[in-house]
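S.K.: Sharing a structure, written as structure tokens. Questions coming.
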Amino acid sequence: MATYKEVIGTAITNIAGDSPTTVNGDVWYNSSTSIFKFNTVLTAAWSTGGNLPTGTQELAGAGTQTAGLAFGGENPGADQTNATYEYNGSAWTGGGNLTTARYQLAGAGTQTAGLAFGGVASGGSRSNATEEYNGSSWTNGGNMGTARERLAGAGTQTAGLAVAGDVGPKQQTEEYNGSSWTSGGNLGTARYWLAGAGIQTAGLVFGGAPPTGGLTATEEYNGTSWTNGGALGTARYKLAGCGLQTAALAFGGIVTGGVKVANTELYDGSSWTASAAMGTARSILGGAGTQTAGLAFGGSIGDKNQTEEFISGAGTVGITTT
């Protein structure tokens, strides 16, 4: 029988711990535990998470899969909500209420340093209000230069990005520095009901409307201007997203004919590839997390309090020997 070295060309590495690489198929011996281990790519999949306390659609999200933040939106049969919920990886609990109740808003940041901006406030008026979350309560920040709804958000509480939305020219970008907004570069393709990801100096937006069936257009931001990226495999709007410019996740939305979809796609900085579909097709949902640990919650579905968690990436497996 051939040895590992004869087949692979190198001997198995002896490491007092786990391998520093995540290459699929890497094998090493963990001398600390006396176990042979190897890296394997896990199958991407969505699984059911804890339900939101109240069914909500057209809400915003921020944070990670194990420290998520959901805020604002619209409760079925009711008007705008100011509710905030925090996720710990298994359950949602109530947080501090937004100062301004609104839906169709955008968010950015983390569970303990969140940012909420734009949306539709009481009376149906577009809002330019910005609020900052410290993990327990919201306080007012600097207003956006242009009131807007159905916009995309990205970045952090001190370096936020507000993109497009239902405004006069639907290409406007604004940048937040922790106290005030300033104008950024315009999008190449005007749109609203789009999704965003990334940071202020490496932002990403994708999908959106019009037309009725949605867009496949993806654009990348360098802190000054937008350039075209790879097109989504499925044209759609009212979708959600998370992650980075070079590792983004797109999920849900509406396609031609007004059909809700569960489609998920992964972006690597140049192109999108299809991945595991969500368990429930939905639109106007909230999103948070990373490409390998995403979070989808609420939205226009039968039961609007559903949460799903996405997991994908490299894992470590121990090899039992006799």
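To be explicit about the labels: the chains of the structure tokens are called A, B, and onward in the order shown, and within each one the residues are counted from 1, while ligands get numbers from 1 in the order they are shown.
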Skipping near chain neighbours, those fewer than 4 positions away, what residues fall within 7 Å of region 289-292 of chain A using only C-alpha atoms, listed as a list in words?
M.R.: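 Using only C-alpha atoms, the neighbours found are Gly63, Thr64, Gln65, Cys242, Gly243, Ala247, Ala248, Leu249, Phe310, Ile311, Ser312 and Gly313 of chain A.
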S.K.: As a VMD selection string, please: the residues near Ala162 (chain A) (cut-off 9 Å, only C-alpha atoms, same-chain neighbours under 4 positions excluded).
M.R.: chain A and resid 106 to 107 117 to 118 144 151 to 155 172 to 176
S.K.: Next, write the just-selected residues to a file, as a PDB file, in the first residue's frame, keeping N, CA and C atoms as the atom set.
M.R.:
```
ATOM      1  N   ALA A 106     -32.557  51.481   6.580  1.00  0.00           N
ATOM      2  CA  ALA A 106     -31.328  50.710   6.394  1.00  0.00           C
ATOM      3  C   ALA A 106     -30.534  50.695   7.694  1.00  0.00           C
ATOM      4  N   GLY A 107     -29.598  49.752   7.793  1.00  0.00           N
ATOM      5  CA  GLY A 107     -28.784  49.635   8.993  1.00  0.00           C
ATOM      6  C   GLY A 107     -27.355  49.251   8.690  1.00  0.00           C
ATOM      7  N   PHE A 117     -30.806  54.414   9.659  1.00  0.00           N
ATOM      8  CA  PHE A 117     -30.952  55.659   8.902  1.00  0.00           C
ATOM      9  C   PHE A 117     -31.992  55.502   7.792  1.00  0.00           C
ATOM     10  N   GLY A 118     -32.662  56.637   7.495  1.00  0.00           N
ATOM     11  CA  GLY A 118     -33.650  56.663   6.440  1.00  0.00           C
ATOM     12  C   GLY A 118     -34.934  55.955   6.823  1.00  0.00           C
ATOM     13  N   MET A 144     -29.198  62.623   7.486  1.00  0.00           N
ATOM     14  CA  MET A 144     -28.723  62.502   6.115  1.00  0.00           C
ATOM     15  C   MET A 144     -29.048  63.774   5.334  1.00  0.00           C
ATOM     16  N   LEU A 151     -33.534  52.010   0.784  1.00  0.00           N
ATOM     17  CA  LEU A 151     -32.128  52.205   0.481  1.00  0.00           C
ATOM     18  C   LEU A 151     -31.299  51.035   0.995  1.00  0.00           C
ATOM     19  N   ALA A 152     -30.025  51.037   0.654  1.00  0.00           N
ATOM     20  CA  ALA A 152     -29.092  50.028   1.154  1.00  0.00           C
ATOM     21  C   ALA A 152     -28.120  50.670   2.135  1.00  0.00           C
ATOM     22  N   GLY A 153     -27.675  49.878   3.117  1.00  0.00           N
ATOM     23  CA  GLY A 153     -26.709  50.357   4.092  1.00  0.00           C
ATOM     24  C   GLY A 153     -25.521  49.426   4.208  1.00  0.00           C
ATOM     25  N   ALA A 154     -24.404  49.954   4.635  1.00  0.00           N
ATOM     26  CA  ALA A 154     -23.186  49.154   4.847  1.00  0.00           C
ATOM     27  C   ALA A 154     -22.273  49.918   5.787  1.00  0.00           C
ATOM     28  N   GLY A 155     -21.204  49.251   6.227  1.00  0.00           N
ATOM     29  CA  GLY A 155     -20.202  49.914   7.041  1.00  0.00           C
ATOM     30  C   GLY A 155     -20.423  49.780   8.533  1.00  0.00           C
ATOM     31  N   GLN A 172     -27.789  58.390  -5.482  1.00  0.00           N
ATOM     32  CA  GLN A 172     -27.037  59.124  -4.463  1.00  0.00           C
ATOM     33  C   GLN A 172     -26.414  58.213  -3.401  1.00  0.00           C
ATOM     34  N   THR A 173     -25.187  58.557  -3.026  1.00  0.00           N
ATOM     35  CA  THR A 173     -24.460  57.884  -1.944  1.00  0.00           C
ATOM     36  C   THR A 173     -24.094  58.926  -0.898  1.00  0.00           C
ATOM     37  N   GLU A 174     -24.228  58.545   0.379  1.00  0.00           N
ATOM     38  CA  GLU A 174     -23.759  59.409   1.467  1.00  0.00           C
ATOM     39  C   GLU A 174     -22.890  58.606   2.426  1.00  0.00           C
ATOM     40  N   GLU A 175     -21.897  59.280   2.999  1.00  0.00           N
ATOM     41  CA  GLU A 175     -20.952  58.648   3.923  1.00  0.00           C
ATOM     42  C   GLU A 175     -21.080  59.282   5.310  1.00  0.00           C
ATOM     43  N   TYR A 176     -21.084  58.434   6.346  1.00  0.00           N
ATOM     44  CA  TYR A 176     -21.241  58.904   7.725  1.00  0.00           C
ATOM     45  C   TYR A 176     -19.928  58.744   8.481  1.00  0.00           C
TER      46      TYR A 176
END
```
S.K.: Could you produce a table of the residues of region 79-145 of chain A lying within 9 Å of region 183-200 of chain A, with the nearest pair of atoms per residue and their separation in Å rounded to one decimal, using only C-alpha atoms, ordered by chain and increasing residue number, as a tab-separated table?
M.R.:
```
residue	atom	partner	partner_atom	distance
A:Gln104	CA	A:Trp193	CA	8.6
A:Ala108	CA	A:Ala197	CA	8.9
A:Gly145	CA	A:Ser183	CA	7.9
```
S.K.: For each of A:Gly203, A:Gly241, A:Gly123, A:Gly160, take the minimum atom-to-atom distance to Gly229 (chain A), counting only C-alpha atoms, then give the residue where this is smallest.
M.R.: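 Result for the nearest residue to Gly229 (chain A): A:Gly203.
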S.K.: Please identify every residue of region 43-98 of chain A that has at least one atom no farther than 9 Å from an atom of region 134-143 of chain A, counting only C-alpha atoms, and for each give the shortest atom pair and the distance in Å to one decimal, arranged by chain then increasing number, as a tab-separated table.
M.R.:
```
residue	atom	partner	partner_atom	distance
A:Glu86	CA	A:Gly135	CA	8.8
A:Gly95	CA	A:Ser136	CA	5.9
A:Gly96	CA	A:Ser137	CA	4.5
A:Asn97	CA	A:Ser137	CA	6.8
A:Leu98	CA	A:Trp138	CA	5.8
```
S.K.: Taking N, CA and C atoms for each residue, export the selection above as a PDB file, in the first residue's frame.
M.R.:
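The result, stored in part_27.pdb:
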```pdb
ATOM      1  N   GLU A  86     -32.425  41.869  19.843  1.00  0.00           N
ATOM      2  CA  GLU A  86     -31.041  41.405  19.827  1.00  0.00           C
ATOM      3  C   GLU A  86     -31.016  39.881  19.783  1.00  0.00           C
ATOM      4  N   GLY A  95     -34.614  44.939  22.831  1.00  0.00           N
ATOM      5  CA  GLY A  95     -33.598  45.948  23.136  1.00  0.00           C
ATOM      6  C   GLY A  95     -34.258  47.306  23.275  1.00  0.00           C
ATOM      7  N   GLY A  96     -33.479  48.362  23.274  1.00  0.00           N
ATOM      8  CA  GLY A  96     -34.028  49.713  23.388  1.00  0.00           C
ATOM      9  C   GLY A  96     -34.742  50.139  22.123  1.00  0.00           C
ATOM     10  N   ASN A  97     -35.849  50.834  22.257  1.00  0.00           N
ATOM     11  CA  ASN A  97     -36.639  51.275  21.111  1.00  0.00           C
ATOM     12  C   ASN A  97     -35.971  52.399  20.328  1.00  0.00           C
ATOM     13  N   LEU A  98     -36.158  52.383  19.010  1.00  0.00           N
ATOM     14  CA  LEU A  98     -35.755  53.515  18.182  1.00  0.00           C
ATOM     15  C   LEU A  98     -36.486  54.773  18.644  1.00  0.00           C
TER      16      LEU A  98
END
```
S.K.: So how far away is CA of Ala91 (chain A) from CA of Gly287 (chain A), in Å?
M.R.: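 Spanning CA of Gly287 (chain A) to CA of Ala91 (chain A) is a straight-line distance of 15.5 Å.
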S.K.: Quick one: residues within 7 Å of Asn263 (chain A), only C-alpha atoms, excluding same-chain residues fewer than 5 positions away - as a PDB file with N, CA and C atoms, in the first residue's frame?
M.R.:
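Okay, out.pdb is ready:
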```pdb
ATOM      1  N   PHE A 251     -29.514  36.971  -0.522  1.00  0.00           N
ATOM      2  CA  PHE A 251     -30.544  35.971  -0.283  1.00  0.00           C
ATOM      3  C   PHE A 251     -31.944  36.580  -0.306  1.00  0.00           C
ATOM      4  N   GLY A 252     -32.913  35.738  -0.778  1.00  0.00           N
ATOM      5  CA  GLY A 252     -34.294  36.160  -0.837  1.00  0.00           C
ATOM      6  C   GLY A 252     -34.567  37.149  -1.946  1.00  0.00           C
ATOM      7  N   ALA A 277     -30.388  27.158  -0.996  1.00  0.00           N
ATOM      8  CA  ALA A 277     -31.550  28.030  -0.870  1.00  0.00           C
ATOM      9  C   ALA A 277     -32.048  28.069   0.572  1.00  0.00           C
ATOM     10  N   MET A 278     -32.660  29.190   0.951  1.00  0.00           N
ATOM     11  CA  MET A 278     -33.299  29.296   2.259  1.00  0.00           C
ATOM     12  C   MET A 278     -34.446  28.297   2.366  1.00  0.00           C
TER      13      MET A 278
END
```
S.K.: Work out how far CA of Thr81 (chain A) is from CA of Gly294 (chain A), in Å to one decimal.
M.R.: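 About the pair CA of Gly294 (chain A) and CA of Thr81 (chain A): they are 24.1 Å apart.
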S.K.: Could you name the residues that touch Ser127 (chain A) at 6 Å or less, counting only C-alpha atoms, but leaving out those on the same chain fewer than 4 positions away, as a list of chain:residue names?
M.R.: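 In the requested format, the answer is A:Gly118, A:Gly119, A:Val120, A:Ala147.
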S.K.: So that I have them on file, write out the residues from the current selection with N, CA and C atoms, as a tab-separated table (two decimals), in the first residue's frame.
M.R.:
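What ended up in part.tsv:
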```
chain	number	residue	atom	x	y	z
A	118	GLY	N	-32.66	56.64	7.49
A	118	GLY	CA	-33.65	56.66	6.44
A	118	GLY	C	-34.93	55.96	6.82
A	119	GLY	N	-35.77	55.68	5.79
A	119	GLY	CA	-37.01	54.96	5.99
A	119	GLY	C	-38.24	55.83	5.86
A	120	VAL	N	-39.39	55.23	6.19
A	120	VAL	CA	-40.67	55.92	6.15
A	120	VAL	C	-41.18	56.07	7.58
A	147	ALA	N	-33.51	62.80	2.54
A	147	ALA	CA	-34.44	61.82	3.11
A	147	ALA	C	-34.70	60.75	2.05
```
S.K.: Can you tell me which residues surround Glu58 (chain A) at a distance of at most 10 Å, considering only C-alpha atoms, apart from same-chain residues fewer than 6 positions away, and format the answer as a list in words?
M.R.: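 The filter keeps Phe71, Gly72, Gly73, Glu74, Asn75, Gln80, Arg102, Tyr103, Gln104, Leu105, Ala106, Gly119, Arg150, Trp193, Lys238, Ser283, Ile284, Leu285, Gly286, Gly298, Gly299 and Ser300 of chain A.
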S.K.: Can you measure CA of Pro76 (chain A) to CA of Pro53 (chain A) for me? One decimal in Å is fine.
M.R.: 13.1 Å
S.K.: Would you return as number ranges by chain the members of region 38-214 of chain A that DSSP assigns to strand (DSSP E or B) on this structure's backbone?
M.R.: A: 38-48, 57, 60-63, 68-71, 74, 80, 84-87, 92-94, 103, 106-109, 114-117, 120, 126, 130-133, 138-140, 152-155, 160-163, 173-176, 181-183, 192, 195-199, 202-206, 209
S.K.: For each of A:Leu266, A:Ala281, A:Ala288, A:Ala276, take the minimum atom-to-atom distance to Tyr87 (chain A), counting only C-alpha atoms, then give the residue where this is smallest.
M.R.: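 Checking each of A:Leu266, A:Ala281, A:Ala288, A:Ala276 against Tyr87 (chain A), counting only C-alpha atoms, the winner is A:Ala288.
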S.K.: So, counting only C-alpha atoms, which residue among A:Gly94, A:Gly165, A:Gly77, A:Gly61 is closest to Gly114 (chain A)?
M.R.: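 The answer is A:Gly61, which sits nearest to Gly114 (chain A).
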